[in-house]
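Data block for run.pdb (PDB, C-alpha atoms, pLDDT in the B column):
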ATOM      1  CA  MET A   1      53.186 -20.202  78.273  1.00 46.00           C
ATOM      2  CA  SER A   2      52.919 -17.123  76.168  1.00 57.00           C
ATOM      3  CA  GLY A   3      54.777 -16.920  72.913  1.00 68.00           C
ATOM      4  CA  HIS A   4      54.355 -16.002  69.323  1.00 70.00           C
ATOM      5  CA  VAL A   5      51.184 -17.410  67.829  1.00 78.00           C
ATOM      6  CA  SER A   6      51.272 -17.981  64.086  1.00 81.00           C
ATOM      7  CA  PRO A   7      48.094 -18.093  62.039  1.00 87.00           C
ATOM      8  CA  LYS A   8      46.945 -21.443  60.720  1.00 90.00           C
ATOM      9  CA  SER A   9      47.476 -20.244  57.171  1.00 92.00           C
ATOM     10  CA  THR A  10      51.235 -20.123  57.842  1.00 91.00           C
ATOM     11  CA  TYR A  11      51.224 -23.756  58.959  1.00 91.00           C
ATOM     12  CA  TYR A  12      49.168 -24.790  55.949  1.00 95.00           C
ATOM     13  CA  ALA A  13      51.551 -22.930  53.620  1.00 95.00           C
ATOM     14  CA  ILE A  14      54.600 -24.575  55.211  1.00 94.00           C
ATOM     15  CA  PHE A  15      52.902 -27.977  55.030  1.00 95.00           C
ATOM     16  CA  GLY A  16      52.149 -27.395  51.358  1.00 96.00           C
ATOM     17  CA  ALA A  17      55.744 -26.364  50.704  1.00 96.00           C
ATOM     18  CA  LEU A  18      56.985 -29.514  52.462  1.00 96.00           C
ATOM     19  CA  MET A  19      54.676 -31.671  50.358  1.00 97.00           C
ATOM     20  CA  VAL A  20      55.846 -29.980  47.151  1.00 97.00           C
ATOM     21  CA  LEU A  21      59.489 -30.451  48.162  1.00 96.00           C
ATOM     22  CA  THR A  22      58.782 -34.105  48.965  1.00 96.00           C
ATOM     23  CA  ALA A  23      57.254 -34.578  45.501  1.00 96.00           C
ATOM     24  CA  VAL A  24      60.306 -32.891  43.972  1.00 95.00           C
ATOM     25  CA  THR A  25      62.571 -35.222  45.961  1.00 95.00           C
ATOM     26  CA  VAL A  26      60.711 -38.295  44.701  1.00 95.00           C
ATOM     27  CA  SER A  27      60.668 -37.083  41.094  1.00 94.00           C
ATOM     28  CA  VAL A  28      64.382 -36.204  41.153  1.00 93.00           C
ATOM     29  CA  ALA A  29      65.127 -39.693  42.487  1.00 92.00           C
ATOM     30  CA  PHE A  30      63.918 -41.149  39.174  1.00 93.00           C
ATOM     31  CA  VAL A  31      66.055 -38.816  37.032  1.00 92.00           C
ATOM     32  CA  ASN A  32      69.716 -39.576  36.444  1.00 92.00           C
ATOM     33  CA  LEU A  33      71.564 -36.345  37.096  1.00 90.00           C
ATOM     34  CA  GLY A  34      74.994 -37.939  37.179  1.00 89.00           C
ATOM     35  CA  ARG A  35      77.221 -36.397  39.803  1.00 87.00           C
ATOM     36  CA  MET A  36      74.521 -33.898  40.729  1.00 89.00           C
ATOM     37  CA  ASN A  37      72.175 -36.504  42.284  1.00 89.00           C
ATOM     38  CA  PHE A  38      73.561 -36.088  45.786  1.00 87.00           C
ATOM     39  CA  PRO A  39      73.897 -32.267  45.783  1.00 89.00           C
ATOM     40  CA  VAL A  40      70.326 -31.817  44.520  1.00 92.00           C
ATOM     41  CA  ALA A  41      68.897 -34.303  47.032  1.00 92.00           C
ATOM     42  CA  ILE A  42      70.797 -32.811  49.966  1.00 91.00           C
ATOM     43  CA  SER A  43      69.789 -29.276  48.964  1.00 93.00           C
ATOM     44  CA  ILE A  44      66.113 -30.218  48.981  1.00 95.00           C
ATOM     45  CA  ALA A  45      66.543 -31.981  52.331  1.00 94.00           C
ATOM     46  CA  ILE A  46      68.237 -28.913  53.828  1.00 92.00           C
ATOM     47  CA  CYS A  47      65.366 -26.713  52.625  1.00 94.00           C
ATOM     48  CA  LYS A  48      62.808 -29.027  54.217  1.00 96.00           C
ATOM     49  CA  ALA A  49      64.753 -29.232  57.487  1.00 93.00           C
ATOM     50  CA  THR A  50      65.068 -25.448  57.587  1.00 92.00           C
ATOM     51  CA  LEU A  51      61.317 -25.000  57.186  1.00 93.00           C
ATOM     52  CA  VAL A  52      60.616 -27.518  59.948  1.00 93.00           C
ATOM     53  CA  VAL A  53      63.095 -25.947  62.370  1.00 91.00           C
ATOM     54  CA  LEU A  54      62.046 -22.356  61.694  1.00 89.00           C
ATOM     55  CA  PHE A  55      58.279 -22.742  61.720  1.00 89.00           C
ATOM     56  CA  PHE A  56      57.198 -26.009  63.353  1.00 87.00           C
ATOM     57  CA  MET A  57      59.839 -25.773  66.090  1.00 87.00           C
ATOM     58  CA  HIS A  58      59.204 -22.004  66.413  1.00 85.00           C
ATOM     59  CA  ALA A  59      62.901 -21.146  66.149  1.00 85.00           C
ATOM     60  CA  LYS A  60      62.086 -18.143  63.987  1.00 86.00           C
ATOM     61  CA  TYR A  61      60.362 -16.373  66.862  1.00 85.00           C
ATOM     62  CA  SER A  62      62.512 -17.653  69.746  1.00 88.00           C
ATOM     63  CA  SER A  63      65.148 -15.930  71.855  1.00 90.00           C
ATOM     64  CA  ARG A  64      68.749 -15.328  70.834  1.00 92.00           C
ATOM     65  CA  LEU A  65      69.928 -18.071  73.176  1.00 93.00           C
ATOM     66  CA  THR A  66      67.767 -20.650  71.414  1.00 90.00           C
ATOM     67  CA  LYS A  67      69.056 -19.483  68.039  1.00 90.00           C
ATOM     68  CA  LEU A  68      72.622 -19.736  69.369  1.00 93.00           C
ATOM     69  CA  VAL A  69      72.042 -23.312  70.530  1.00 93.00           C
ATOM     70  CA  ILE A  70      70.549 -24.254  67.152  1.00 90.00           C
ATOM     71  CA  GLY A  71      73.472 -22.605  65.362  1.00 91.00           C
ATOM     72  CA  GLY A  72      75.956 -24.435  67.607  1.00 94.00           C
ATOM     73  CA  ALA A  73      74.269 -27.752  66.920  1.00 92.00           C
ATOM     74  CA  PHE A  74      74.358 -27.045  63.192  1.00 89.00           C
ATOM     75  CA  PHE A  75      78.066 -26.124  63.412  1.00 95.00           C
ATOM     76  CA  PHE A  76      78.768 -29.363  65.306  1.00 96.00           C
ATOM     77  CA  LEU A  77      76.876 -31.349  62.673  1.00 91.00           C
ATOM     78  CA  LEU A  78      78.894 -29.719  59.874  1.00 92.00           C
ATOM     79  CA  THR A  79      82.101 -30.509  61.760  1.00 96.00           C
ATOM     80  CA  LEU A  80      81.142 -34.180  62.063  1.00 94.00           C
ATOM     81  CA  PHE A  81      80.225 -34.357  58.362  1.00 90.00           C
ATOM     82  CA  GLY A  82      83.480 -32.634  57.453  1.00 91.00           C
ATOM     83  CA  LEU A  83      85.575 -35.066  59.472  1.00 92.00           C
ATOM     84  CA  THR A  84      83.696 -38.007  58.002  1.00 89.00           C
ATOM     85  CA  LEU A  85      84.157 -36.723  54.457  1.00 86.00           C
ATOM     86  CA  THR A  86      87.893 -36.152  54.960  1.00 87.00           C
ATOM     87  CA  ASP A  87      88.208 -39.840  55.783  1.00 83.00           C
ATOM     88  CA  TYR A  88      85.912 -41.019  53.001  1.00 77.00           C
ATOM     89  CA  LEU A  89      87.354 -38.814  50.255  1.00 78.00           C
ATOM     90  CA  SER A  90      90.933 -39.771  51.099  1.00 78.00           C
ATOM     91  CA  ARG A  91      90.321 -43.479  50.453  1.00 73.00           C
ATOM     92  CA  GLY A  92      91.526 -45.041  47.239  1.00 65.00           C
ATOM     93  CA  TRP A  93      94.445 -42.649  46.739  1.00 60.00           C
ATOM     94  CA  TYR A  94      96.927 -45.060  48.276  1.00 56.00           C
ATOM     95  CA  SER A  95      97.578 -48.215  46.335  1.00 57.00           C
ATOM     96  CA  SER A  96      99.210 -50.859  48.437  1.00 56.00           C
ATOM     97  CA  PRO A  97     101.595 -53.391  46.869  1.00 59.00           C
ATOM     98  CA  GLY A  98      99.139 -56.223  47.459  1.00 58.00           C
ATOM     99  CA  GLY A  99      96.291 -54.450  45.693  1.00 59.00           C
ATOM    100  CA  ASN A 100      93.664 -52.005  46.743  1.00 58.00           C
ATOM    101  CA  ALA A 101      90.186 -53.004  47.893  1.00 58.00           C
ATOM    102  CA  THR A 102      87.960 -49.947  47.651  1.00 60.00           C
ATOM    103  CA  ALA A 103      84.313 -49.511  48.506  1.00 57.00           C
ATOM    104  CA  GLY A 104      82.100 -51.637  46.326  1.00 57.00           C
ATOM    105  CA  THR A 105      84.825 -54.171  45.540  1.00 58.00           C
ATOM    106  CA  ILE A 106      83.787 -57.758  45.906  1.00 58.00           C
ATOM    107  CA  PRO A 107      86.770 -59.830  46.964  1.00 59.00           C
ATOM    108  CA  SER A 108      86.952 -63.216  45.310  1.00 61.00           C
ATOM    109  CA  ILE A 109      87.799 -66.281  47.298  1.00 63.00           C
ATOM    110  CA  THR A 110      89.863 -68.340  44.903  1.00 66.00           C
ATOM    111  CA  PRO A 111      92.904 -70.464  45.544  1.00 64.00           C
ATOM    112  CA  PRO A 112      96.231 -68.851  44.766  1.00 62.00           C
ATOM    113  CA  ALA A 113      97.750 -69.453  41.376  1.00 66.00           C
ATOM    114  CA  PRO A 114      99.861 -72.612  41.280  1.00 68.00           C
ATOM    115  CA  VAL A 115     103.578 -72.154  41.569  1.00 68.00           C
ATOM    116  CA  ALA A 116     105.647 -73.548  38.716  1.00 68.00           C
ATOM    117  CA  ALA A 117     106.542 -77.155  39.474  1.00 65.00           C
ATOM    118  CA  GLU A 118     110.116 -77.754  40.377  1.00 65.00           C
ATOM    119  CA  ALA A 119     112.079 -80.699  39.110  1.00 62.00           C
ATOM    120  CA  PRO A 120     112.142 -83.560  41.609  1.00 65.00           C
ATOM    121  CA  GLN A 121     115.318 -83.706  43.651  1.00 69.00           C
ATOM    122  CA  PRO A 122     117.325 -86.877  43.191  1.00 68.00           C
ATOM    123  CA  ALA A 123     117.418 -89.070  46.225  1.00 67.00           C
ATOM    124  CA  SER A 124     120.761 -89.060  47.911  1.00 66.00           C
ATOM    125  CA  GLU A 125     122.666 -92.306  47.606  1.00 63.00           C
ATOM    126  CA  GLY A 126     124.629 -93.622  50.434  1.00 59.00           C
ATOM    127  CA  ARG A 127     122.112 -93.745  53.135  1.00 55.00           C
TER     128      ARG A 127
END

Do you think you could lay out the structure here as structure tokens?
Amino acid sequence: MSGHVSPKSTYYAIFGALMVLTAVTVSVAFVNLGRMNFPVAISIAICKATLVVLFFMHAKYSSRLTKLVIGGAFFFLLTLFGLTLTDYLSRGWYSSPGGNATAGTIPSITPPAPVAAEAPQPASEGR
């Protein structure tokens, strides 16, 4: 099997970059960034995945067909995430008449409120 041979220094540099990005991921996990927590974490994860695919899986030096397959898989993954997010982001906009249980809601199991007592019906005479 003959292919592109990368020097060891490239692998050490990529390993170092992955370790730095892992340290950044851990440090960002302890900082409250509000709504930016998820975008920052996913951006770092995408950078790490890109480095692994390009260098450790040798996609950078592979044929066009291999790059096409990787691109198709990435497109399929984005499609699945997009379909999942359309379902997830559309929840909670509809409020049903009986209430709306959204994610994170803890339903309580309590008896229903008592109905106002009605006056007793007089017994019919003449039985």

| message | Need the shell around segment 3-10 of chain A: protein/DNA/RNA residues with any atom at most 12 Å away, counting all atoms listed in the file. Skip same-chain ones fewer than 4 positions apart. Format as a list in words? | response | Ile14, Phe15, Gly16, Ala17, Leu51, Leu54, Phe55, Phe56, Met57, His58, Ala59, Lys60, Tyr61, Ser62 and Ser63 of chain A

| task | In the coordinates of the file, take the point (55.6, -31.4, 54.2) and a cut-off of 12 Å; then, counting only C-alpha atoms, name each qualifying protein, DNA or RNA residue as an MDAnalysis selection string. | result | chainID A and resid 11:25 44:45 47:52 55:56

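Proximity to Lys67 of chain A was assessed for A:Val53, A:Phe81, A:Ile46, A:Asn37 counting all atoms listed in the file; the smallest distance is recorded for A:Val53.
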
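Across the structure, atom CA of Leu78 of chain A and atom CA of Ala41 of chain A are spaced 16.9 Å apart.
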
| note | In Å and to one decimal, atom CA of Phe30 of chain A is distant from atom CA of Ile42 of chain A by 15.3 Å

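One distance worth recording is that between atom CA of Phe75 of chain A and atom CA of Asp87 of chain A, which is 18.7 Å.
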
| query | Which one of A:Leu65, A:Gly71, A:Gly82, A:Ser43 sits closest to Val28 of chain A if you count only C-alpha atoms? | reply | A:Ser43

Where's the centre, and what are the edge lengths in Å to one decimal, of a box along x, y and z enclosing all listed atoms of segment 46-57 of chain A padded 6 Å per side, as AutoDock Vina command-line options?
--center_x 62.7 --center_y -25.8 --center_z 59.4 --size_x 23.0 --size_y 18.9 --size_z 25.5

Just segment 23-50 of chain A, please, as a JSON list (two decimals), in the first residue's frame (only N, CA, C and O atoms).
[["chain", "number", "residue", "atom", "x", "y", "z"],
["A", 23, "ALA", "N", -8.43, 20.86, 26.32],
["A", 23, "ALA", "CA", -8.31, 21.71, 27.51],
["A", 23, "ALA", "C", -9.23, 22.92, 27.41],
["A", 23, "ALA", "O", -9.85, 23.32, 28.40],
["A", 24, "VAL", "N", -9.34, 23.49, 26.21],
["A", 24, "VAL", "CA", -10.26, 24.62, 26.02],
["A", 24, "VAL", "C", -11.69, 24.18, 26.23],
["A", 24, "VAL", "O", -12.49, 24.88, 26.87],
["A", 25, "THR", "N", -12.04, 23.00, 25.75],
["A", 25, "THR", "CA", -13.40, 22.47, 25.95],
["A", 25, "THR", "C", -13.70, 22.32, 27.44],
["A", 25, "THR", "O", -14.78, 22.70, 27.91],
["A", 26, "VAL", "N", -12.77, 21.76, 28.19],
["A", 26, "VAL", "CA", -12.99, 21.56, 29.63],
["A", 26, "VAL", "C", -13.08, 22.90, 30.34],
["A", 26, "VAL", "O", -13.94, 23.11, 31.20],
["A", 27, "SER", "N", -12.22, 23.84, 29.99],
["A", 27, "SER", "CA", -12.25, 25.14, 30.68],
["A", 27, "SER", "C", -13.52, 25.92, 30.34],
["A", 27, "SER", "O", -14.08, 26.60, 31.20],
["A", 28, "VAL", "N", -13.99, 25.82, 29.10],
["A", 28, "VAL", "CA", -15.22, 26.52, 28.71],
["A", 28, "VAL", "C", -16.43, 25.89, 29.42],
["A", 28, "VAL", "O", -17.43, 26.58, 29.69],
["A", 29, "ALA", "N", -16.35, 24.61, 29.73],
["A", 29, "ALA", "CA", -17.46, 23.94, 30.41],
["A", 29, "ALA", "C", -17.70, 24.53, 31.80],
["A", 29, "ALA", "O", -18.82, 24.45, 32.32],
["A", 30, "PHE", "N", -16.69, 25.12, 32.41],
["A", 30, "PHE", "CA", -16.84, 25.70, 33.74],
["A", 30, "PHE", "C", -17.19, 27.18, 33.72],
["A", 30, "PHE", "O", -17.31, 27.80, 34.77],
["A", 31, "VAL", "N", -17.33, 27.76, 32.54],
["A", 31, "VAL", "CA", -17.66, 29.18, 32.40],
["A", 31, "VAL", "C", -19.09, 29.28, 31.88],
["A", 31, "VAL", "O", -19.46, 28.60, 30.92],
["A", 32, "ASN", "N", -19.89, 30.12, 32.52],
["A", 32, "ASN", "CA", -21.26, 30.30, 32.06],
["A", 32, "ASN", "C", -21.28, 31.35, 30.95],
["A", 32, "ASN", "O", -21.10, 32.53, 31.20],
["A", 33, "LEU", "N", -21.51, 30.90, 29.74],
["A", 33, "LEU", "CA", -21.56, 31.79, 28.60],
["A", 33, "LEU", "C", -23.00, 32.09, 28.17],
["A", 33, "LEU", "O", -23.21, 32.66, 27.11],
["A", 34, "GLY", "N", -23.94, 31.66, 28.96],
["A", 34, "GLY", "CA", -25.35, 31.90, 28.62],
["A", 34, "GLY", "C", -25.75, 31.06, 27.42],
["A", 34, "GLY", "O", -25.53, 29.86, 27.38],
["A", 35, "ARG", "N", -26.33, 31.73, 26.44],
["A", 35, "ARG", "CA", -26.81, 31.04, 25.25],
["A", 35, "ARG", "C", -25.68, 30.59, 24.34],
["A", 35, "ARG", "O", -25.90, 29.85, 23.40],
["A", 36, "MET", "N", -24.48, 31.05, 24.61],
["A", 36, "MET", "CA", -23.34, 30.72, 23.74],
["A", 36, "MET", "C", -22.63, 29.43, 24.17],
["A", 36, "MET", "O", -21.67, 29.01, 23.52],
["A", 37, "ASN", "N", -23.07, 28.78, 25.25],
["A", 37, "ASN", "CA", -22.43, 27.54, 25.69],
["A", 37, "ASN", "C", -22.41, 26.49, 24.59],
["A", 37, "ASN", "O", -21.38, 25.92, 24.27],
["A", 38, "PHE", "N", -23.57, 26.22, 24.02],
["A", 38, "PHE", "CA", -23.66, 25.18, 22.99],
["A", 38, "PHE", "C", -22.90, 25.56, 21.73],
["A", 38, "PHE", "O", -22.13, 24.73, 21.22],
["A", 39, "PRO", "N", -23.08, 26.77, 21.17],
["A", 39, "PRO", "CA", -22.32, 27.09, 19.95],
["A", 39, "PRO", "C", -20.80, 27.01, 20.13],
["A", 39, "PRO", "O", -20.09, 26.55, 19.23],
["A", 40, "VAL", "N", -20.29, 27.45, 21.27],
["A", 40, "VAL", "CA", -18.85, 27.39, 21.50],
["A", 40, "VAL", "C", -18.39, 25.94, 21.61],
["A", 40, "VAL", "O", -17.39, 25.54, 20.99],
["A", 41, "ALA", "N", -19.13, 25.13, 22.35],
["A", 41, "ALA", "CA", -18.75, 23.72, 22.52],
["A", 41, "ALA", "C", -18.81, 22.97, 21.20],
["A", 41, "ALA", "O", -17.91, 22.18, 20.88],
["A", 42, "ILE", "N", -19.84, 23.21, 20.40],
["A", 42, "ILE", "CA", -19.96, 22.49, 19.14],
["A", 42, "ILE", "C", -18.91, 22.96, 18.14],
["A", 42, "ILE", "O", -18.41, 22.18, 17.33],
["A", 43, "SER", "N", -18.53, 24.23, 18.20],
["A", 43, "SER", "CA", -17.48, 24.73, 17.31],
["A", 43, "SER", "C", -16.13, 24.07, 17.62],
["A", 43, "SER", "O", -15.40, 23.68, 16.70],
["A", 44, "ILE", "N", -15.82, 23.94, 18.88],
["A", 44, "ILE", "CA", -14.57, 23.27, 19.27],
["A", 44, "ILE", "C", -14.61, 21.81, 18.85],
["A", 44, "ILE", "O", -13.63, 21.27, 18.34],
["A", 45, "ALA", "N", -15.76, 21.16, 19.04],
["A", 45, "ALA", "CA", -15.88, 19.75, 18.65],
["A", 45, "ALA", "C", -15.74, 19.57, 17.14],
["A", 45, "ALA", "O", -15.13, 18.60, 16.68],
["A", 46, "ILE", "N", -16.28, 20.50, 16.36],
["A", 46, "ILE", "CA", -16.16, 20.41, 14.91],
["A", 46, "ILE", "C", -14.70, 20.59, 14.49],
["A", 46, "ILE", "O", -14.21, 19.89, 13.59],
["A", 47, "CYS", "N", -13.99, 21.50, 15.15],
["A", 47, "CYS", "CA", -12.56, 21.69, 14.85],
["A", 47, "CYS", "C", -11.77, 20.42, 15.14],
["A", 47, "CYS", "O", -10.93, 19.99, 14.33],
["A", 48, "LYS", "N", -12.05, 19.78, 16.27],
["A", 48, "LYS", "CA", -11.33, 18.56, 16.62],
["A", 48, "LYS", "C", -11.67, 17.44, 15.65],
["A", 48, "LYS", "O", -10.78, 16.71, 15.21],
["A", 49, "ALA", "N", -12.93, 17.30, 15.29],
["A", 49, "ALA", "CA", -13.33, 16.25, 14.34],
["A", 49, "ALA", "C", -12.69, 16.48, 12.97],
["A", 49, "ALA", "O", -12.27, 15.53, 12.30],
["A", 50, "THR", "N", -12.61, 17.74, 12.56],
["A", 50, "THR", "CA", -11.98, 18.05, 11.28],
["A", 50, "THR", "C", -10.51, 17.66, 11.27],
["A", 50, "THR", "O", -10.01, 17.08, 10.29]]
